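Undergrad: Pasting in a structure now, in structure tokens, and then I'll have a few things to ask.
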Amino acid sequence: MKLKKFGGTEKLVYDMVLPVAEELGFSIWDVSFEKEGAYWYLRVFIDHENGITIDDCEKMTRPVNQLLDEKDPIQQNYILEVGSAGLERTLCQGWHFEHSIGQTVKAHAIRPIDGEKEWIGTLASFDGESITVTSDEDKTVQLTLSDLSYVKLYVEIDF
């Protein structure tokens, strides 16, 4: 995996909607602008220390939609979605990794590394190109980001 860099549209939207999010007490976890099938989707993922509710998404959607309609920064038609970054959010930017040190993550490799493809443990460090994950058994592994397909926060749910 590569660390995500905002494309031009994503960066433009991020800069436009950040003040709205901050005014409402939210942070922006990510912005994506992707084509899926015949449609373009502009997704703004928000976060808050107490979590995000559907009402929070609605509070953010209204002013963001109004702002985007006024400024009209995107030429093609698109569908706006505002949502929570989620409990098991993907770490895709450098600050995501730095912010998540000490939390439990799941890292998944593109191909097996020493016979393993998946690691779950505490994110111990991030140096810009690799992460160190420590498991419950105090087993430590250093993983190069380019060998991984994703790294996500991990929440074990007992049923």
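We name chains A, B, ... following the order of the structure tokens; residues begin at 1 in each chain, and ligands are numbered from 1 as shown.
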Could you please write out, as number ranges by chain, every residue of region 2-156 of chain A that DSSP assigns to alpha helix (DSSP H)?
TA: A: 8-24, 54-71, 94-99
Undergrad: Which of chain A counts as strand (DSSP E or B) under DSSP, as a ChimeraX atom specification please?
TA: /A:27-36,39-47,79-84,90,104-113,116-126,130-134,140-144,148-153
Undergrad: Give me, as a PDB file with N, CA and C atoms, in the first residue's frame, all polymer residues having an atom no more than 10 Å from region 67-77 of chain A, counting only C-alpha atoms and skipping those fewer than 4 positions away in the same chain.
TA:
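Written output follows (result.pdb):
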```
ATOM      1  N   THR A   9      -8.994  17.305  -6.605  1.00  0.00           N
ATOM      2  CA  THR A   9     -10.376  17.498  -6.168  1.00  0.00           C
ATOM      3  C   THR A   9     -10.512  17.195  -4.685  1.00  0.00           C
ATOM      4  N   LEU A  12      -8.965  20.031  -2.657  1.00  0.00           N
ATOM      5  CA  LEU A  12      -9.813  21.217  -2.761  1.00  0.00           C
ATOM      6  C   LEU A  12     -11.027  21.076  -1.844  1.00  0.00           C
ATOM      7  N   VAL A  13     -11.688  19.938  -1.896  1.00  0.00           N
ATOM      8  CA  VAL A  13     -12.868  19.703  -1.060  1.00  0.00           C
ATOM      9  C   VAL A  13     -12.472  19.667   0.418  1.00  0.00           C
ATOM     10  N   MET A  16     -12.045  23.095   1.656  1.00  0.00           N
ATOM     11  CA  MET A  16     -13.326  23.808   1.710  1.00  0.00           C
ATOM     12  C   MET A  16     -14.170  23.382   2.906  1.00  0.00           C
ATOM     13  N   VAL A  17     -14.210  22.070   3.185  1.00  0.00           N
ATOM     14  CA  VAL A  17     -15.134  21.567   4.208  1.00  0.00           C
ATOM     15  C   VAL A  17     -14.518  21.486   5.608  1.00  0.00           C
ATOM     16  N   VAL A  20     -16.061  23.878   8.089  1.00  0.00           N
ATOM     17  CA  VAL A  20     -17.423  23.453   8.434  1.00  0.00           C
ATOM     18  C   VAL A  20     -17.350  22.366   9.500  1.00  0.00           C
ATOM     19  N   TYR A  39     -21.100   6.298 -12.048  1.00  0.00           N
ATOM     20  CA  TYR A  39     -21.255   7.465 -11.178  1.00  0.00           C
ATOM     21  C   TYR A  39     -19.974   7.832 -10.451  1.00  0.00           C
ATOM     22  N   TRP A  40     -19.815   9.122 -10.199  1.00  0.00           N
ATOM     23  CA  TRP A  40     -18.742   9.639  -9.375  1.00  0.00           C
ATOM     24  C   TRP A  40     -19.286   9.836  -7.969  1.00  0.00           C
ATOM     25  N   TYR A  41     -18.472   9.472  -6.952  1.00  0.00           N
ATOM     26  CA  TYR A  41     -18.855   9.641  -5.558  1.00  0.00           C
ATOM     27  C   TYR A  41     -17.827  10.519  -4.852  1.00  0.00           C
ATOM     28  N   LEU A  42     -18.326  11.541  -4.194  1.00  0.00           N
ATOM     29  CA  LEU A  42     -17.506  12.373  -3.325  1.00  0.00           C
ATOM     30  C   LEU A  42     -17.874  11.970  -1.900  1.00  0.00           C
ATOM     31  N   THR A  61     -23.730  17.103   6.351  1.00  0.00           N
ATOM     32  CA  THR A  61     -24.118  17.041   4.941  1.00  0.00           C
ATOM     33  C   THR A  61     -24.758  18.335   4.460  1.00  0.00           C
ATOM     34  N   ARG A  62     -25.653  18.888   5.243  1.00  0.00           N
ATOM     35  CA  ARG A  62     -26.393  20.084   4.801  1.00  0.00           C
ATOM     36  C   ARG A  62     -25.475  21.261   4.469  1.00  0.00           C
ATOM     37  N   PRO A  63     -24.606  21.695   5.389  1.00  0.00           N
ATOM     38  CA  PRO A  63     -23.743  22.835   5.038  1.00  0.00           C
ATOM     39  C   PRO A  63     -22.699  22.501   3.970  1.00  0.00           C
TER      40      PRO A  63
END
```
Undergrad: Using only C-alpha atoms, which protein or nucleic acid residues come within 9 Å of Glu10 (chain A)? Drop anything in the same chain fewer than 4 positions from it, and give the result as a list of chain:residue names.
TA: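 In the requested format, the answer is A:Phe6, A:Tyr14, A:Asp15, A:Asp30, A:Val31, A:Ser32, A:Phe33, A:Leu42.
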Undergrad: Tell me, counting only C-alpha atoms, for each residue of region 82-126 of chain A within 6 Å of region 139-154 of chain A, which pair of atoms is nearest and how far apart they are in Å to one decimal, in rows ordered by chain and increasing number, as CSV.
TA:
```
residue,atom,partner,partner_atom,distance
A:Glu88,CA,A:Leu153,CA,4.6
A:Arg89,CA,A:Lys152,CA,5.5
A:Thr90,CA,A:Lys152,CA,4.2
A:Leu91,CA,A:Lys152,CA,5.5
A:Thr104,CA,A:Tyr154,CA,5.4
A:Val105,CA,A:Leu153,CA,4.3
A:Lys106,CA,A:Lys152,CA,5.4
A:Ala107,CA,A:Val151,CA,4.4
A:His108,CA,A:Tyr150,CA,5.6
A:Ala109,CA,A:Leu148,CA,4.1
A:Ile110,CA,A:Ser149,CA,5.2
```
Undergrad: Determine, counting only C-alpha atoms, which protein, DNA and RNA residues have an atom within 9 Å of an atom of Gly128 (chain A); residues of the same chain fewer than 2 positions away are not included. Present the result as a list in words.
TA: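 So the residues in contact are Leu3, Gly94, Phe97, Phe126, Ser130, Ile131 and Leu145 of chain A.
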Undergrad: Identify, on the basis of only C-alpha atoms, every residue whose closest approach to Asn50 (chain A) does not exceed 12 Å; exclude the query and any residue fewer than 2 positions from it along the same chain; express the result as a tab-separated table (two decimals) with C-alpha atoms, in the first residue's frame.
TA:
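So the final result, stored in part-v3.tsv, reads:
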```tsv
chain	number	residue	atom	x	y	z
A	25	GLY	CA	-16.86	19.92	16.38
A	26	PHE	CA	-15.82	17.19	13.93
A	27	SER	CA	-12.55	16.32	12.27
A	46	ILE	CA	-15.82	12.57	9.60
A	47	ASP	CA	-14.74	11.70	13.12
A	48	HIS	CA	-15.30	12.82	16.71
A	52	ILE	CA	-20.29	9.75	14.92
A	53	THR	CA	-24.05	9.28	14.68
A	56	ASP	CA	-23.91	14.04	12.93
A	84	SER	CA	-18.32	8.09	9.80
A	86	GLY	CA	-15.90	3.80	11.22
A	87	LEU	CA	-14.52	1.77	14.08
```
Undergrad: Rounded to one decimal place, report the CA of Ser125 (chain A)-CA of Gln93 (chain A) distance in Å.
TA: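 Between these atoms lies a distance of 14.2 Å.
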Undergrad: Kindly give the distance, in Å, that separates CA of Met1 (chain A) and CA of Glu129 (chain A), rounded to a single decimal.
TA: 9.9 Å
Undergrad: Taking only C-alpha atoms into account, which of A:Glu49, A:Lys5, A:Met60, A:Ala124 comes nearest Leu24 (chain A)?
TA: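 Nearest to Leu24 (chain A): A:Met60.
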